[in-house]
>>> print(open('my_file_21.cif').read())   # mmCIF, C-alpha atoms
data_entry
loop_
_atom_site.group_PDB
_atom_site.id
_atom_site.type_symbol
_atom_site.label_atom_id
_atom_site.label_comp_id
_atom_site.auth_asym_id
_atom_site.auth_seq_id
_atom_site.Cartn_x
_atom_site.Cartn_y
_atom_site.Cartn_z
ATOM 1 C CA MET A 1463 41.686 45.105 30.661
ATOM 2 C CA GLY A 1464 44.775 45.936 32.682
ATOM 3 C CA CYS A 1465 48.027 47.810 32.378
ATOM 4 C CA ASN A 1466 51.162 45.723 31.900
ATOM 5 C CA ILE A 1467 53.257 48.363 33.702
ATOM 6 C CA HIS A 1468 50.935 49.429 36.534
ATOM 7 C CA ASP A 1469 49.314 46.337 38.056
ATOM 8 C CA TRP A 1470 46.705 48.349 39.956
ATOM 9 C CA MET A 1471 45.272 49.995 36.829
ATOM 10 C CA VAL A 1472 42.145 48.197 35.615
ATOM 11 C CA GLY A 1473 39.523 49.072 33.027
ATOM 12 C CA TYR A 1474 36.345 47.320 31.878
ATOM 13 C CA ILE A 1475 34.712 47.048 28.473
ATOM 14 C CA TYR A 1476 31.071 45.964 28.417
ATOM 15 C CA VAL A 1477 29.562 44.887 25.103
ATOM 16 C CA SER A 1478 25.812 45.420 24.968
ATOM 17 C CA GLU A 1479 23.460 43.538 22.644
ATOM 18 C CA THR A 1480 21.238 46.611 22.311
ATOM 19 C CA PRO A 1481 21.589 50.342 21.654
ATOM 20 C CA PHE A 1482 19.663 51.017 24.892
ATOM 21 C CA PHE A 1483 22.095 51.209 27.808
ATOM 22 C CA ALA A 1484 23.247 53.560 30.553
ATOM 23 C CA LYS A 1485 26.153 54.028 32.923
ATOM 24 C CA THR A 1486 25.284 54.903 36.514
ATOM 25 C CA GLU A 1487 26.086 58.241 38.082
ATOM 26 C CA ALA A 1488 28.005 58.551 41.360
ATOM 27 C CA ALA A 1489 24.775 57.985 43.323
ATOM 28 C CA GLY A 1490 24.150 54.697 41.482
ATOM 29 C CA THR A 1491 21.254 55.932 39.347
ATOM 30 C CA ALA A 1492 20.924 55.687 35.582
ATOM 31 C CA ALA A 1493 18.305 56.667 33.008
ATOM 32 C CA ILE A 1494 17.637 55.350 29.520
ATOM 33 C CA ASP A 1495 15.686 57.944 27.562
ATOM 34 C CA ASP A 1496 13.755 57.870 24.278
ATOM 35 C CA MET A 1497 12.833 54.199 24.325
ATOM 36 C CA PRO A 1498 9.759 53.213 22.346
ATOM 37 C CA PRO A 1499 6.880 51.572 24.222
ATOM 38 C CA GLY A 1500 7.198 47.815 24.491
ATOM 39 C CA GLU A 1501 8.392 44.916 26.607
ATOM 40 C CA TYR A 1502 12.066 44.802 27.577
ATOM 41 C CA THR A 1503 14.413 42.727 29.680
ATOM 42 C CA VAL A 1504 16.634 44.979 31.768
ATOM 43 C CA ARG A 1505 19.856 43.773 33.422
ATOM 44 C CA VAL A 1506 22.617 45.386 35.435
ATOM 45 C CA TRP A 1507 26.324 44.585 35.635
ATOM 46 C CA HIS A 1508 29.111 45.563 38.009
ATOM 47 C CA PRO A 1509 32.654 44.153 37.943
ATOM 48 C CA SER A 1510 32.420 43.129 41.615
ATOM 49 C CA MET A 1511 28.967 41.478 41.565
ATOM 50 C CA GLU A 1512 28.764 38.361 43.716
ATOM 51 C CA GLN A 1513 26.351 36.698 41.282
ATOM 52 C CA GLY A 1514 26.161 36.632 37.499
ATOM 53 C CA GLU A 1515 24.506 39.298 35.397
ATOM 54 C CA GLU A 1516 21.745 36.896 34.354
ATOM 55 C CA THR A 1517 20.441 36.934 37.956
ATOM 56 C CA THR A 1518 19.606 40.644 37.628
ATOM 57 C CA ALA A 1519 17.205 40.299 34.648
ATOM 58 C CA ARG A 1520 13.877 42.073 35.099
ATOM 59 C CA ARG A 1521 10.957 42.307 32.691
ATOM 60 C CA VAL A 1522 9.833 45.890 32.127
ATOM 61 C CA ILE A 1523 6.814 47.018 30.125
ATOM 62 C CA LEU A 1524 7.012 50.591 28.875
ATOM 63 C CA ASN A 1525 3.901 52.382 27.778
ATOM 64 C CA ALA A 1526 3.355 55.918 26.524
ATOM 65 C CA ASP A 1527 2.064 57.100 29.943
ATOM 66 C CA GLY A 1528 5.483 58.096 31.261
ATOM 67 C CA PRO A 1529 8.691 56.806 32.761
ATOM 68 C CA SER A 1530 9.080 53.455 34.483
ATOM 69 C CA THR A 1531 11.369 52.838 37.433
ATOM 70 C CA VAL A 1532 13.227 49.638 38.236
ATOM 71 C CA GLU A 1533 15.488 49.215 41.267
ATOM 72 C CA TRP A 1534 18.203 46.717 42.195
ATOM 73 C CA GLU A 1535 20.249 46.122 45.295
ATOM 74 C CA LEU A 1536 23.506 44.372 44.435
ATOM 75 C CA SER A 1537 25.791 42.374 46.681
ATOM 76 C CA LEU A 1538 29.402 43.131 45.838
ATOM 77 C CA LYS A 1539 32.506 41.105 46.526
ATOM 78 C CA PRO A 1540 35.001 42.807 48.862
ATOM 79 C CA ALA A 1541 37.766 44.784 47.157
ATOM 80 C CA LEU A 1542 40.924 42.701 47.139
ATOM 81 C CA ARG A 1543 43.321 45.267 45.709
ATOM 82 C CA VAL A 1544 45.863 46.838 48.023
ATOM 83 C CA PRO A 1545 45.428 50.626 48.142
ATOM 84 C CA ARG A 1546 48.283 52.456 46.413
ATOM 85 C CA VAL A 1547 50.144 55.348 48.014
ATOM 86 C CA THR A 1548 50.724 58.214 45.611
ATOM 87 C CA GLY A 1549 53.587 60.673 45.471
ATOM 88 C CA SER A 1550 57.282 60.451 44.651
ATOM 89 C CA ALA A 1551 58.351 59.809 48.284
ATOM 90 C CA SER A 1552 56.271 56.620 48.362
ATOM 91 C CA ALA A 1553 58.037 55.329 45.264
ATOM 92 C CA GLY A 1554 61.425 55.443 46.959
ATOM 93 C CA TYR A 1555 62.551 58.734 45.449
ATOM 94 C CA PRO A 1556 63.874 61.562 47.608
#
>>> encode(input="my_file_21.cif", output="structure tokens")
Amino acid sequence: MGCNIHDWMVGYIYVSETPFFAKTEAAGTAAIDDMPPGEYTVRVWHPSMEQGEETTARRVILNADGPSTVEWELSLKPALRVPRVTGSASAGYP
């Protein structure tokens, strides 16, 4: 979703098919807690992924023994947006 006044403002809405999801922290890590044991398909998404989300699917089997860890390394497309300069002087105001 974008702003019709400020072209550089962008937001994303991701609709998940499950109540089990997480958003990564600044370091790129995420945790999904309180999941019952079972077999799951885990996927990741990023707005700049070079390939589709379906390519990230991994099968994970959770058992009662403790946490499971799954890792991904994503290739991202280069940022194409022009960096904005902030401040009133940059907007042409004295």
>>> residues_around(input="my_file_21.cif", residues="region 1503-1508 of chain A", least_positions_apart="3", cutoff="7 Å", atoms="all atoms listed in the file", output="PyMOL selection string")
chain A and resi 1511+1515+1518-1522
>>> atom_distance(input="my_file_21.cif", atom1="CA of Thr1517 (chain A)", atom2="CA of Glu1535 (chain A)")
11.8 Å
>>> closest_residue(input="my_file_21.cif", among="A:Ser1530, A:Lys1539, A:His1468, A:Glu1501", to="Gly1514 (chain A)", atoms="all atoms listed in the file")
A:Lys1539
>>> resolve_selection(input="my_file_21.cif", expression="the PyMOL selection byres ((chain A and resi 1499) around 12)", output="JSON, numbers by chain")
{"A": [1495, 1496, 1497, 1498, 1500, 1501, 1502, 1522, 1523, 1524, 1525, 1526, 1527, 1528, 1529, 1530]}
>>> atom_distance(input="my_file_21.cif", atom1="CA of Trp1470 (chain A)", atom2="CA of Leu1538 (chain A)")
19.0 Å
>>> atom_distance(input="my_file_21.cif", atom1="CA of Gln1513 (chain A)", atom2="CA of Asn1466 (chain A)")
28.0 Å
>>> residues_around(input="my_file_21.cif", residues="Met1463 (chain A)", least_positions_apart="3", cutoff="9 Å", atoms="only C-alpha atoms", output="ChimeraX atom specification")
/A:1471-1475
>>> closest_residue(input="my_file_21.cif", among="A:Thr1548, A:Glu1512, A:Ala1492, A:Glu1479", to="Val1532 (chain A)", atoms="only C-alpha atoms")
A:Ala1492
>>> resolve_selection(input="my_file_21.cif", expression="the PyMOL selection byres ((chain A and resi 1482) around 8)", output="MDAnalysis selection string")
chainID A and resid 1480:1481 1483:1484 1494 1497
>>> closest_residue(input="my_file_21.cif", among="A:Ala1493, A:Val1547, A:Cys1465, A:Val1477", to="Thr1531 (chain A)", atoms="all atoms listed in the file")
A:Ala1493
>>> axis_aligned_box(input="my_file_21.cif", around="region 1476-1492 of chain A", padding_each_side="6 Å", output="AutoDock Vina command-line options")
--center_x 25.4 --center_y 51.0 --center_z 32.5 --size_x 23.4 --size_y 27.0 --size_z 33.7
